[in-house]
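Scroll down for the structure; my scribbles are underneath it.
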Amino acid sequence: MTDTMPDGAADGTPDDLRTMTAAALDAAWVDLGYTAPNTDVYPWLWLWDSCFHALVWAELDRPERAVAEMTSVFAAADPSGFVPHMGYQLDPRAHAELWGRRGSSSITQPPMYGHALAELDRRGVDVADAVWESAAAGLRFLLRRRARTAGGLVAVVHPWETGCDDSPRWDDLCPGGFSLQRWRRFKNEAVAQVVRGPSGEPLAGPAFPVGSVGFNALVAWNALELASVTDDSTLVAEASDLIVALEARWDDDAATWVDDGPTASGSGRVRTADALLPVLVATAPDARTAVADQLLDPAAHGAPYGPRGVHRAEPSYDPASYWRGPVWPQVAYLLWVASSRAPDGDPLASAASTLGAATVAGATASGLAEYWDPDTGVGGGAVPQSWTGLALLMSPG
């Protein structure tokens, strides 16, 4: 990315980006206590979106909205600790037939609440004890009750749980080979096949029994982030065990972590940006060096407007297609956090400033789009998308 950064792409953007972000989030605020990702396309509450929104609200000096956002995330959590990935506060009847329940979905998403709450605490924002307790319960549900793969990873039950629902990593599981129509049908049908516990909590997914390394990295990292504030030694121990299983999934030849489960010898090896998220918790120097190299290499994930969502050399790479090549700001943010927290001398530390500047340039050029072309900055999906305000945290200003 260093060689392909447009001259002055991020110059003069911090104030403009802050104004743009504040306007977008204010317009998307729902008085029921959350930020809609986009009021036209995505009017409901989404779990990891809201956790990212809380970070942006805190950066905008609106802690009351950050707290409201995190409180709303757990409004539909059940006694098992399970936290639904969608809330239908605007209309509890919406999509009830699909999910088999009213008011919320019946699957989850990456538990970004551990990081969000830790960051709010670092900023001196007080959050109710009940919210912290719900976050710990949500992580314990995933670590203790969710099915595991043969390699010890937490299994996701549906592609929507990963947040990266059309990733080429799942192509082996699309009947007849990947096509948008077939995959859309699969996703809808797979909900009914989820194995559930007494209160409807999702325990296993026979149609999608994947050990996603990206999802598992976020489970482990969020557990450590939460425990950094709560001093929960059991969360640390369980996260540490999961990290050991994750580190075993590194492949030197592919220079990526490989998913466990039925895709492990096929599409689970496709090189994607989210599959590099174990760098948040993995310590092996060779792996960290390889990730840094890929983030900076224009022939790999490096690009002028942020990290490519799929390695440029992959046959499935398409810079304009949903989850199949564009820059996704939340993934870019997470890779930036891993880089910016790397100690001096760590090879990953060299990627932080370039990764941040490129993502800021892309967020600004795209008008805070949901995702964008890594080479042109042309936005795709919903515009604006609230979570793209994460670029504000990555701005040098």
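We label chains A, B, ... in the order they appear in the structure tokens, count residues from 1 in each chain, and number ligands from 1 in the order shown.
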
Within region 242-347 of chain A, find each residue whose DSSP state, derived from the backbone, is helix (DSSP H, G or I), and express the selection as a PDB file with N, CA, C and O atoms, in the first residue's frame.
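Everything below was put into states_37.pdb:
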ATOM      1  N   LEU A 242      -8.610 -21.102  23.279  1.00  0.00           N
ATOM      2  CA  LEU A 242      -9.098 -20.910  21.920  1.00  0.00           C
ATOM      3  C   LEU A 242      -7.984 -20.375  21.017  1.00  0.00           C
ATOM      4  O   LEU A 242      -7.874 -20.762  19.849  1.00  0.00           O
ATOM      5  N   ILE A 243      -7.138 -19.517  21.557  1.00  0.00           N
ATOM      6  CA  ILE A 243      -6.018 -18.970  20.778  1.00  0.00           C
ATOM      7  C   ILE A 243      -5.051 -20.072  20.367  1.00  0.00           C
ATOM      8  O   ILE A 243      -4.537 -20.077  19.238  1.00  0.00           O
ATOM      9  N   VAL A 244      -4.820 -21.037  21.247  1.00  0.00           N
ATOM     10  CA  VAL A 244      -3.954 -22.160  20.901  1.00  0.00           C
ATOM     11  C   VAL A 244      -4.528 -22.916  19.702  1.00  0.00           C
ATOM     12  O   VAL A 244      -3.802 -23.263  18.756  1.00  0.00           O
ATOM     13  N   ALA A 245      -5.848 -23.147  19.716  1.00  0.00           N
ATOM     14  CA  ALA A 245      -6.492 -23.836  18.592  1.00  0.00           C
ATOM     15  C   ALA A 245      -6.426 -23.000  17.318  1.00  0.00           C
ATOM     16  O   ALA A 245      -6.238 -23.532  16.220  1.00  0.00           O
ATOM     17  N   LEU A 246      -6.552 -21.704  17.473  1.00  0.00           N
ATOM     18  CA  LEU A 246      -6.471 -20.800  16.323  1.00  0.00           C
ATOM     19  C   LEU A 246      -5.082 -20.801  15.700  1.00  0.00           C
ATOM     20  O   LEU A 246      -4.932 -20.868  14.471  1.00  0.00           O
ATOM     21  N   GLU A 247      -4.071 -20.697  16.532  1.00  0.00           N
ATOM     22  CA  GLU A 247      -2.701 -20.624  16.018  1.00  0.00           C
ATOM     23  C   GLU A 247      -2.322 -21.874  15.233  1.00  0.00           C
ATOM     24  O   GLU A 247      -1.508 -21.815  14.302  1.00  0.00           O
ATOM     25  N   SER A 267     -12.534 -24.147  -0.001  1.00  0.00           N
ATOM     26  CA  SER A 267     -12.763 -22.701   0.038  1.00  0.00           C
ATOM     27  C   SER A 267     -12.370 -22.066   1.361  1.00  0.00           C
ATOM     28  O   SER A 267     -12.152 -20.852   1.427  1.00  0.00           O
ATOM     29  N   GLY A 268     -12.238 -22.852   2.400  1.00  0.00           N
ATOM     30  CA  GLY A 268     -11.791 -22.319   3.683  1.00  0.00           C
ATOM     31  C   GLY A 268     -10.350 -21.864   3.680  1.00  0.00           C
ATOM     32  O   GLY A 268      -9.856 -21.335   4.690  1.00  0.00           O
ATOM     33  N   ARG A 269      -9.671 -22.022   2.537  1.00  0.00           N
ATOM     34  CA  ARG A 269      -8.292 -21.587   2.398  1.00  0.00           C
ATOM     35  C   ARG A 269      -8.171 -20.311   1.547  1.00  0.00           C
ATOM     36  O   ARG A 269      -7.061 -19.801   1.357  1.00  0.00           O
ATOM     37  N   ASP A 274     -10.604 -10.878   6.389  1.00  0.00           N
ATOM     38  CA  ASP A 274     -11.141 -11.284   7.690  1.00  0.00           C
ATOM     39  C   ASP A 274     -10.425 -12.525   8.219  1.00  0.00           C
ATOM     40  O   ASP A 274     -10.371 -12.751   9.428  1.00  0.00           O
ATOM     41  N   ALA A 275      -9.847 -13.346   7.332  1.00  0.00           N
ATOM     42  CA  ALA A 275      -9.098 -14.520   7.779  1.00  0.00           C
ATOM     43  C   ALA A 275      -7.750 -14.147   8.378  1.00  0.00           C
ATOM     44  O   ALA A 275      -7.062 -15.003   8.944  1.00  0.00           O
ATOM     45  N   LEU A 276      -7.371 -12.867   8.287  1.00  0.00           N
ATOM     46  CA  LEU A 276      -6.147 -12.389   8.929  1.00  0.00           C
ATOM     47  C   LEU A 276      -6.403 -11.824  10.327  1.00  0.00           C
ATOM     48  O   LEU A 276      -5.462 -11.436  11.016  1.00  0.00           O
ATOM     49  N   LEU A 277      -7.667 -11.807  10.759  1.00  0.00           N
ATOM     50  CA  LEU A 277      -7.988 -11.234  12.065  1.00  0.00           C
ATOM     51  C   LEU A 277      -7.369 -11.984  13.250  1.00  0.00           C
ATOM     52  O   LEU A 277      -7.201 -11.377  14.320  1.00  0.00           O
ATOM     53  N   PRO A 278      -7.002 -13.257  13.123  1.00  0.00           N
ATOM     54  CA  PRO A 278      -6.279 -13.866  14.251  1.00  0.00           C
ATOM     55  C   PRO A 278      -5.014 -13.128  14.655  1.00  0.00           C
ATOM     56  O   PRO A 278      -4.489 -13.361  15.751  1.00  0.00           O
ATOM     57  N   VAL A 279      -4.550 -12.225  13.800  1.00  0.00           N
ATOM     58  CA  VAL A 279      -3.365 -11.443  14.177  1.00  0.00           C
ATOM     59  C   VAL A 279      -3.659 -10.572  15.405  1.00  0.00           C
ATOM     60  O   VAL A 279      -2.730 -10.088  16.062  1.00  0.00           O
ATOM     61  N   LEU A 280      -4.924 -10.398  15.748  1.00  0.00           N
ATOM     62  CA  LEU A 280      -5.280  -9.686  16.977  1.00  0.00           C
ATOM     63  C   LEU A 280      -4.785 -10.414  18.219  1.00  0.00           C
ATOM     64  O   LEU A 280      -4.539  -9.784  19.253  1.00  0.00           O
ATOM     65  N   PRO A 285       5.903 -14.872  15.295  1.00  0.00           N
ATOM     66  CA  PRO A 285       6.533 -13.817  14.488  1.00  0.00           C
ATOM     67  C   PRO A 285       6.390 -14.043  12.982  1.00  0.00           C
ATOM     68  O   PRO A 285       6.179 -13.089  12.221  1.00  0.00           O
ATOM     69  N   ASP A 286       6.507 -15.291  12.524  1.00  0.00           N
ATOM     70  CA  ASP A 286       6.405 -15.550  11.089  1.00  0.00           C
ATOM     71  C   ASP A 286       5.029 -15.180  10.556  1.00  0.00           C
ATOM     72  O   ASP A 286       4.909 -14.602   9.467  1.00  0.00           O
ATOM     73  N   ALA A 287       4.005 -15.521  11.309  1.00  0.00           N
ATOM     74  CA  ALA A 287       2.648 -15.197  10.881  1.00  0.00           C
ATOM     75  C   ALA A 287       2.442 -13.687  10.868  1.00  0.00           C
ATOM     76  O   ALA A 287       1.858 -13.130   9.925  1.00  0.00           O
ATOM     77  N   ARG A 288       2.898 -12.998  11.882  1.00  0.00           N
ATOM     78  CA  ARG A 288       2.713 -11.552  11.955  1.00  0.00           C
ATOM     79  C   ARG A 288       3.482 -10.834  10.833  1.00  0.00           C
ATOM     80  O   ARG A 288       2.997  -9.866  10.258  1.00  0.00           O
ATOM     81  N   THR A 289       4.654 -11.341  10.507  1.00  0.00           N
ATOM     82  CA  THR A 289       5.414 -10.765   9.402  1.00  0.00           C
ATOM     83  C   THR A 289       4.684 -10.963   8.082  1.00  0.00           C
ATOM     84  O   THR A 289       4.585 -10.043   7.256  1.00  0.00           O
ATOM     85  N   ALA A 290       4.138 -12.160   7.882  1.00  0.00           N
ATOM     86  CA  ALA A 290       3.419 -12.449   6.637  1.00  0.00           C
ATOM     87  C   ALA A 290       2.170 -11.584   6.504  1.00  0.00           C
ATOM     88  O   ALA A 290       1.843 -11.108   5.408  1.00  0.00           O
ATOM     89  N   VAL A 291       1.454 -11.368   7.605  1.00  0.00           N
ATOM     90  CA  VAL A 291       0.260 -10.510   7.561  1.00  0.00           C
ATOM     91  C   VAL A 291       0.657  -9.084   7.214  1.00  0.00           C
ATOM     92  O   VAL A 291       0.030  -8.433   6.359  1.00  0.00           O
ATOM     93  N   ALA A 292       1.685  -8.574   7.860  1.00  0.00           N
ATOM     94  CA  ALA A 292       2.140  -7.213   7.561  1.00  0.00           C
ATOM     95  C   ALA A 292       2.530  -7.070   6.096  1.00  0.00           C
ATOM     96  O   ALA A 292       2.173  -6.092   5.433  1.00  0.00           O
ATOM     97  N   ASP A 293       3.246  -8.053   5.576  1.00  0.00           N
ATOM     98  CA  ASP A 293       3.659  -8.002   4.176  1.00  0.00           C
ATOM     99  C   ASP A 293       2.441  -7.949   3.248  1.00  0.00           C
ATOM    100  O   ASP A 293       2.426  -7.185   2.268  1.00  0.00           O
ATOM    101  N   GLN A 294       1.438  -8.748   3.544  1.00  0.00           N
ATOM    102  CA  GLN A 294       0.251  -8.784   2.681  1.00  0.00           C
ATOM    103  C   GLN A 294      -0.550  -7.491   2.742  1.00  0.00           C
ATOM    104  O   GLN A 294      -1.094  -7.039   1.731  1.00  0.00           O
ATOM    105  N   LEU A 295      -0.609  -6.890   3.900  1.00  0.00           N
ATOM    106  CA  LEU A 295      -1.359  -5.640   4.033  1.00  0.00           C
ATOM    107  C   LEU A 295      -0.688  -4.493   3.290  1.00  0.00           C
ATOM    108  O   LEU A 295      -1.348  -3.518   2.909  1.00  0.00           O
ATOM    109  N   LEU A 296       0.611  -4.610   3.062  1.00  0.00           N
ATOM    110  CA  LEU A 296       1.350  -3.547   2.391  1.00  0.00           C
ATOM    111  C   LEU A 296       1.647  -3.840   0.920  1.00  0.00           C
ATOM    112  O   LEU A 296       2.140  -2.962   0.208  1.00  0.00           O
ATOM    113  N   PRO A 329     -14.890  -1.424   6.053  1.00  0.00           N
ATOM    114  CA  PRO A 329     -14.260  -0.553   7.044  1.00  0.00           C
ATOM    115  C   PRO A 329     -14.084  -1.174   8.417  1.00  0.00           C
ATOM    116  O   PRO A 329     -13.111  -0.868   9.111  1.00  0.00           O
ATOM    117  N   GLN A 330     -15.016  -2.058   8.819  1.00  0.00           N
ATOM    118  CA  GLN A 330     -14.868  -2.652  10.147  1.00  0.00           C
ATOM    119  C   GLN A 330     -13.716  -3.649  10.179  1.00  0.00           C
ATOM    120  O   GLN A 330     -13.001  -3.760  11.178  1.00  0.00           O
ATOM    121  N   VAL A 331     -13.487  -4.383   9.084  1.00  0.00           N
ATOM    122  CA  VAL A 331     -12.346  -5.285   9.019  1.00  0.00           C
ATOM    123  C   VAL A 331     -11.047  -4.477   8.968  1.00  0.00           C
ATOM    124  O   VAL A 331     -10.060  -4.802   9.632  1.00  0.00           O
ATOM    125  N   ALA A 332     -11.053  -3.400   8.178  1.00  0.00           N
ATOM    126  CA  ALA A 332      -9.877  -2.522   8.120  1.00  0.00           C
ATOM    127  C   ALA A 332      -9.566  -1.957   9.502  1.00  0.00           C
ATOM    128  O   ALA A 332      -8.395  -1.892   9.913  1.00  0.00           O
ATOM    129  N   TYR A 333     -10.604  -1.551  10.235  1.00  0.00           N
ATOM    130  CA  TYR A 333     -10.407  -1.011  11.580  1.00  0.00           C
ATOM    131  C   TYR A 333      -9.753  -2.047  12.485  1.00  0.00           C
ATOM    132  O   TYR A 333      -8.802  -1.753  13.221  1.00  0.00           O
ATOM    133  N   LEU A 334     -10.253  -3.274  12.445  1.00  0.00           N
ATOM    134  CA  LEU A 334      -9.725  -4.315  13.323  1.00  0.00           C
ATOM    135  C   LEU A 334      -8.269  -4.641  12.997  1.00  0.00           C
ATOM    136  O   LEU A 334      -7.446  -4.842  13.897  1.00  0.00           O
ATOM    137  N   LEU A 335      -7.935  -4.674  11.713  1.00  0.00           N
ATOM    138  CA  LEU A 335      -6.543  -4.898  11.329  1.00  0.00           C
ATOM    139  C   LEU A 335      -5.670  -3.713  11.742  1.00  0.00           C
ATOM    140  O   LEU A 335      -4.510  -3.889  12.139  1.00  0.00           O
ATOM    141  N   TRP A 336      -6.243  -2.521  11.661  1.00  0.00           N
ATOM    142  CA  TRP A 336      -5.514  -1.333  12.120  1.00  0.00           C
ATOM    143  C   TRP A 336      -5.282  -1.381  13.624  1.00  0.00           C
ATOM    144  O   TRP A 336      -4.182  -1.037  14.099  1.00  0.00           O
ATOM    145  N   VAL A 337      -6.278  -1.799  14.390  1.00  0.00           N
ATOM    146  CA  VAL A 337      -6.101  -1.923  15.842  1.00  0.00           C
ATOM    147  C   VAL A 337      -4.968  -2.894  16.142  1.00  0.00           C
ATOM    148  O   VAL A 337      -4.091  -2.622  16.975  1.00  0.00           O
ATOM    149  N   ALA A 338      -4.979  -4.043  15.460  1.00  0.00           N
ATOM    150  CA  ALA A 338      -3.903  -5.016  15.681  1.00  0.00           C
ATOM    151  C   ALA A 338      -2.545  -4.405  15.371  1.00  0.00           C
ATOM    152  O   ALA A 338      -1.568  -4.624  16.108  1.00  0.00           O
ATOM    153  N   SER A 339      -2.482  -3.625  14.292  1.00  0.00           N
ATOM    154  CA  SER A 339      -1.209  -3.006  13.897  1.00  0.00           C
ATOM    155  C   SER A 339      -0.800  -1.891  14.854  1.00  0.00           C
ATOM    156  O   SER A 339       0.363  -1.787  15.250  1.00  0.00           O
ATOM    157  N   SER A 340      -1.753  -1.057  15.213  1.00  0.00           N
ATOM    158  CA  SER A 340      -1.427   0.098  16.047  1.00  0.00           C
ATOM    159  C   SER A 340      -1.066  -0.300  17.472  1.00  0.00           C
ATOM    160  O   SER A 340      -0.363   0.447  18.168  1.00  0.00           O
ATOM    161  N   PRO A 347       6.830  -6.690  13.419  1.00  0.00           N
ATOM    162  CA  PRO A 347       6.700  -6.380  11.989  1.00  0.00           C
ATOM    163  C   PRO A 347       5.354  -5.760  11.635  1.00  0.00           C
ATOM    164  O   PRO A 347       5.252  -4.984  10.676  1.00  0.00           O
TER     165      PRO A 347
END

When DSSP works through the backbone of this structure, what residues of region 28-255 of chain A end up as strand (DSSP E or B), shown as a ChimeraX atom specification? /A:29-30,34-35,38,42,45-46,86-87,104,148,154,156,195-196,202-204,210-211,250-251

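Straight-line separation from CA of Gln385 (chain A) to CA of Ala363 (chain A): 9.9 Å.
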
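For the pair CA of Leu224 (chain A) and CA of Val127 (chain A), the separation is 18.2 Å.
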
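Counting from CA of Ser316 (chain A), the distance to CA of Asp297 (chain A) is 18.4 Å.
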
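The shell of residues at most 6 Å from Trp387 (chain A), with only C-alpha atoms counted and near chain neighbours (fewer than 3 positions) removed, consists of Phe52, His53 and Leu390 of chain A.
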
Give me, as an MDAnalysis selection string, all polymer residues having an atom no more than 10 Å from region 202-208 of chain A, counting only C-alpha atoms and skipping those fewer than 5 positions away in the same chain. chainID A and resid 82:84 106:108 141:142 145:148 154:159 170 173:174 186:187 189:197 261:263

Selected residues written out with N, CA, C and O atoms, as a short mmCIF file (atom, residue, chain, number, x, y, z; two decimals), in the first residue's frame:
data_model
loop_
_atom_site.label_atom_id
_atom_site.label_comp_id
_atom_site.auth_asym_id
_atom_site.auth_seq_id
_atom_site.Cartn_x
_atom_site.Cartn_y
_atom_site.Cartn_z
N PHE A 82 -27.02 -15.95 25.25
CA PHE A 82 -27.08 -15.72 23.82
C PHE A 82 -27.55 -14.29 23.51
O PHE A 82 -28.54 -13.82 24.05
N VAL A 83 -26.81 -13.61 22.61
CA VAL A 83 -27.13 -12.24 22.20
C VAL A 83 -27.52 -12.26 20.72
O VAL A 83 -26.69 -12.57 19.87
N PRO A 84 -28.77 -11.95 20.38
CA PRO A 84 -29.19 -11.96 18.98
C PRO A 84 -28.44 -10.92 18.14
O PRO A 84 -28.03 -9.88 18.65
N SER A 106 -32.55 -15.05 15.71
CA SER A 106 -32.24 -16.22 16.55
C SER A 106 -30.85 -16.78 16.25
O SER A 106 -30.59 -17.95 16.49
N ILE A 107 -29.95 -15.94 15.73
CA ILE A 107 -28.53 -16.25 15.59
C ILE A 107 -27.75 -15.05 16.13
O ILE A 107 -28.35 -14.01 16.45
N THR A 108 -26.44 -15.16 16.21
CA THR A 108 -25.65 -14.07 16.76
C THR A 108 -24.69 -13.51 15.70
O THR A 108 -24.85 -13.76 14.51
N PHE A 141 -21.42 -17.92 26.74
CA PHE A 141 -22.29 -18.75 25.91
C PHE A 141 -21.52 -19.32 24.71
O PHE A 141 -21.59 -20.50 24.41
N LEU A 142 -20.79 -18.45 24.04
CA LEU A 142 -20.03 -18.89 22.87
C LEU A 142 -18.90 -19.84 23.25
O LEU A 142 -18.66 -20.85 22.58
N ARG A 145 -20.99 -23.14 25.48
CA ARG A 145 -22.18 -23.88 25.06
C ARG A 145 -22.25 -24.10 23.56
O ARG A 145 -22.93 -25.03 23.11
N ARG A 146 -21.61 -23.27 22.79
CA ARG A 146 -21.65 -23.43 21.34
C ARG A 146 -20.84 -24.66 20.91
O ARG A 146 -19.80 -24.96 21.51
N ALA A 147 -21.32 -25.35 19.89
CA ALA A 147 -20.62 -26.52 19.36
C ALA A 147 -19.20 -26.15 18.94
O ALA A 147 -18.92 -25.00 18.57
N ARG A 148 -18.29 -27.13 19.00
CA ARG A 148 -16.90 -26.94 18.59
C ARG A 148 -16.59 -27.84 17.39
O ARG A 148 -17.18 -28.89 17.20
N VAL A 154 -14.74 -22.59 17.95
CA VAL A 154 -16.17 -22.34 18.13
C VAL A 154 -16.81 -22.38 16.75
O VAL A 154 -16.37 -21.68 15.82
N ALA A 155 -17.84 -23.18 16.58
CA ALA A 155 -18.50 -23.31 15.28
C ALA A 155 -19.56 -22.22 15.12
O ALA A 155 -20.30 -21.93 16.05
N VAL A 156 -19.59 -21.62 13.96
CA VAL A 156 -20.70 -20.73 13.64
C VAL A 156 -21.84 -21.59 13.10
O VAL A 156 -21.62 -22.69 12.58
N VAL A 157 -23.07 -21.10 13.23
CA VAL A 157 -24.21 -21.91 12.81
C VAL A 157 -24.81 -21.43 11.49
O VAL A 157 -25.67 -22.09 10.92
N HIS A 158 -24.33 -20.27 11.01
CA HIS A 158 -24.93 -19.67 9.81
C HIS A 158 -23.94 -18.64 9.27
O HIS A 158 -23.23 -17.99 10.05
N PRO A 159 -23.87 -18.46 7.94
CA PRO A 159 -22.95 -17.46 7.40
C PRO A 159 -23.23 -16.05 7.92
O PRO A 159 -22.28 -15.24 8.02
N TRP A 170 -16.94 -19.49 1.96
CA TRP A 170 -18.07 -20.39 2.17
C TRP A 170 -18.51 -21.08 0.88
O TRP A 170 -19.48 -21.83 0.88
N LEU A 173 -19.90 -24.66 0.39
CA LEU A 173 -21.17 -25.04 1.00
C LEU A 173 -22.38 -24.55 0.22
O LEU A 173 -23.52 -24.80 0.62
N CYS A 174 -22.15 -23.87 -0.89
CA CYS A 174 -23.26 -23.39 -1.72
C CYS A 174 -23.65 -24.51 -2.68
O CYS A 174 -22.84 -24.89 -3.55
N PHE A 186 -29.90 -20.68 0.11
CA PHE A 186 -29.25 -21.46 1.16
C PHE A 186 -29.32 -20.74 2.50
O PHE A 186 -29.64 -21.34 3.54
N LYS A 187 -29.02 -19.45 2.52
CA LYS A 187 -29.01 -18.70 3.78
C LYS A 187 -30.37 -18.70 4.43
O LYS A 187 -30.48 -18.84 5.67
N GLU A 189 -32.80 -20.96 4.01
CA GLU A 189 -33.17 -22.31 4.43
C GLU A 189 -32.35 -22.79 5.63
O GLU A 189 -32.83 -23.59 6.44
N ALA A 190 -31.10 -22.32 5.74
CA ALA A 190 -30.22 -22.79 6.80
C ALA A 190 -30.69 -22.38 8.19
O ALA A 190 -30.36 -23.04 9.18
N VAL A 191 -31.45 -21.29 8.29
CA VAL A 191 -31.93 -20.84 9.60
C VAL A 191 -32.76 -21.92 10.27
O VAL A 191 -32.63 -22.18 11.48
N ALA A 192 -33.61 -22.59 9.49
CA ALA A 192 -34.51 -23.60 10.06
C ALA A 192 -33.76 -24.83 10.54
O ALA A 192 -34.31 -25.62 11.32
N GLN A 193 -32.54 -25.04 10.09
CA GLN A 193 -31.79 -26.24 10.45
C GLN A 193 -30.93 -26.07 11.70
O GLN A 193 -30.31 -27.03 12.17
N VAL A 194 -30.88 -24.86 12.25
CA VAL A 194 -30.06 -24.62 13.44
C VAL A 194 -30.59 -25.43 14.62
O VAL A 194 -31.80 -25.46 14.89
N VAL A 195 -29.69 -26.09 15.33
CA VAL A 195 -30.04 -26.84 16.55
C VAL A 195 -30.07 -25.86 17.71
O VAL A 195 -29.11 -25.11 17.93
N ARG A 196 -31.16 -25.90 18.47
CA ARG A 196 -31.37 -24.89 19.50
C ARG A 196 -31.54 -25.50 20.89
O ARG A 196 -31.94 -26.66 21.03
N GLY A 197 -31.25 -24.68 21.90
CA GLY A 197 -31.42 -25.08 23.28
C GLY A 197 -32.81 -24.74 23.80
O GLY A 197 -33.69 -24.31 23.04
N GLY A 261 -13.36 -27.44 9.72
CA GLY A 261 -14.65 -27.96 9.31
C GLY A 261 -14.65 -28.39 7.85
O GLY A 261 -13.59 -28.65 7.26
N PRO A 262 -15.82 -28.47 7.23
CA PRO A 262 -15.94 -29.08 5.90
C PRO A 262 -15.28 -28.30 4.77
O PRO A 262 -15.11 -28.83 3.69
N THR A 263 -14.90 -27.04 5.01
CA THR A 263 -14.26 -26.24 3.97
C THR A 263 -12.74 -26.18 4.10
O THR A 263 -12.07 -25.50 3.33
#

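The nearest approach to Pro37 (chain A) among the residues A:Gly345, A:Gly306, A:Pro384, A:Pro396, with only C-alpha atoms taken into account, belongs to A:Pro384.
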
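Of the listed residues A:Leu153, A:Val219, A:Leu393, A:Ala303, the one whose atoms come nearest to Ala248 (chain A) is A:Leu153, with distances taken using only C-alpha atoms.
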
Neighbour list for Thr162 (chain A) as a list in words, cut-off 7 Å, only C-alpha atoms, skip fewer than 3 positions in-chain: Gln109, Pro110, Pro159, Asp165 and Phe215 of chain A

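Counting only C-alpha atoms, the residue from A:Pro198, A:Trp160, A:Val56, A:Ala239 that sits nearest to Ser212 (chain A) is A:Trp160.
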
Neighbouring residues of Ala27 (chain A) were defined as those with any atom within 12 Å, considering only C-alpha atoms; residues of the same chain fewer than 3 positions away were excluded. Please report them as a tab-separated table (two decimals) with N, CA and C atoms, in the first residue's frame.
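File selection-v3.tsv, as written:
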chain	number	residue	atom	x	y	z
A	20	MET	N	-18.68	14.92	8.44
A	20	MET	CA	-19.44	13.94	7.67
A	20	MET	C	-19.97	12.82	8.56
A	21	THR	N	-19.11	12.35	9.46
A	21	THR	CA	-19.49	11.24	10.34
A	21	THR	C	-20.58	11.66	11.32
A	22	ALA	N	-20.42	12.84	11.92
A	22	ALA	CA	-21.43	13.32	12.88
A	22	ALA	C	-22.79	13.48	12.20
A	23	ALA	N	-22.79	14.02	11.00
A	23	ALA	CA	-24.05	14.20	10.27
A	23	ALA	C	-24.70	12.87	9.95
A	24	ALA	N	-23.88	11.90	9.52
A	24	ALA	CA	-24.42	10.60	9.15
A	24	ALA	C	-25.01	9.88	10.36
A	30	VAL	N	-31.93	6.35	15.99
A	30	VAL	CA	-33.31	5.95	16.23
A	30	VAL	C	-33.60	6.19	17.71
A	31	ASP	N	-34.66	6.90	17.99
A	31	ASP	CA	-34.93	7.31	19.37
A	31	ASP	C	-35.18	6.14	20.33
A	34	TYR	N	-30.68	3.26	19.40
A	34	TYR	CA	-29.61	2.68	18.59
A	34	TYR	C	-29.47	3.48	17.30
A	35	THR	N	-28.39	3.23	16.59
A	35	THR	CA	-28.11	3.86	15.32
A	35	THR	C	-28.40	2.87	14.20
A	36	ALA	N	-29.27	3.24	13.28
A	36	ALA	CA	-29.51	2.38	12.12
A	36	ALA	C	-28.28	2.44	11.22
A	37	PRO	N	-27.79	1.31	10.75
A	37	PRO	CA	-26.65	1.36	9.83
A	37	PRO	C	-26.92	2.26	8.63
A	38	ASN	N	-28.13	2.17	8.10
A	38	ASN	CA	-28.60	3.06	7.05
A	38	ASN	C	-30.12	3.04	7.14
A	39	THR	N	-30.75	4.19	7.28
A	39	THR	CA	-32.18	4.21	7.59
A	39	THR	C	-33.05	3.65	6.48
A	40	ASP	N	-32.56	3.68	5.23
A	40	ASP	CA	-33.35	3.15	4.12
A	40	ASP	C	-33.12	1.66	3.90
A	43	PRO	N	-32.68	-0.50	8.53
A	43	PRO	CA	-33.30	0.30	9.60
A	43	PRO	C	-33.25	-0.34	10.98
A	384	PRO	N	-24.83	6.76	3.17
A	384	PRO	CA	-23.72	6.35	4.04
A	384	PRO	C	-24.09	5.15	4.90
A	385	GLN	N	-23.08	4.52	5.45
A	385	GLN	CA	-23.24	3.42	6.40
A	385	GLN	C	-22.59	3.86	7.70
A	386	SER	N	-23.31	3.75	8.79
A	386	SER	CA	-22.86	4.36	10.04
A	386	SER	C	-21.53	3.83	10.54

I'd like the contact shell of Gly362 (chain A) - 6 Å cut-off, only C-alpha atoms, skipping same-chain residues fewer than 4 positions apart - returned as a ChimeraX atom specification. /A:305,366,377

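Proximity ranking of A:Ala284, A:Val327, A:Ala220, A:Leu17 relative to His301 (chain A) places A:Val327 first, based on only C-alpha atoms.
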
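Closest to Ser134 (chain A) among A:Asp344, A:Asp78, A:Asp15, A:Asp251 is A:Asp78, based on only C-alpha atoms.
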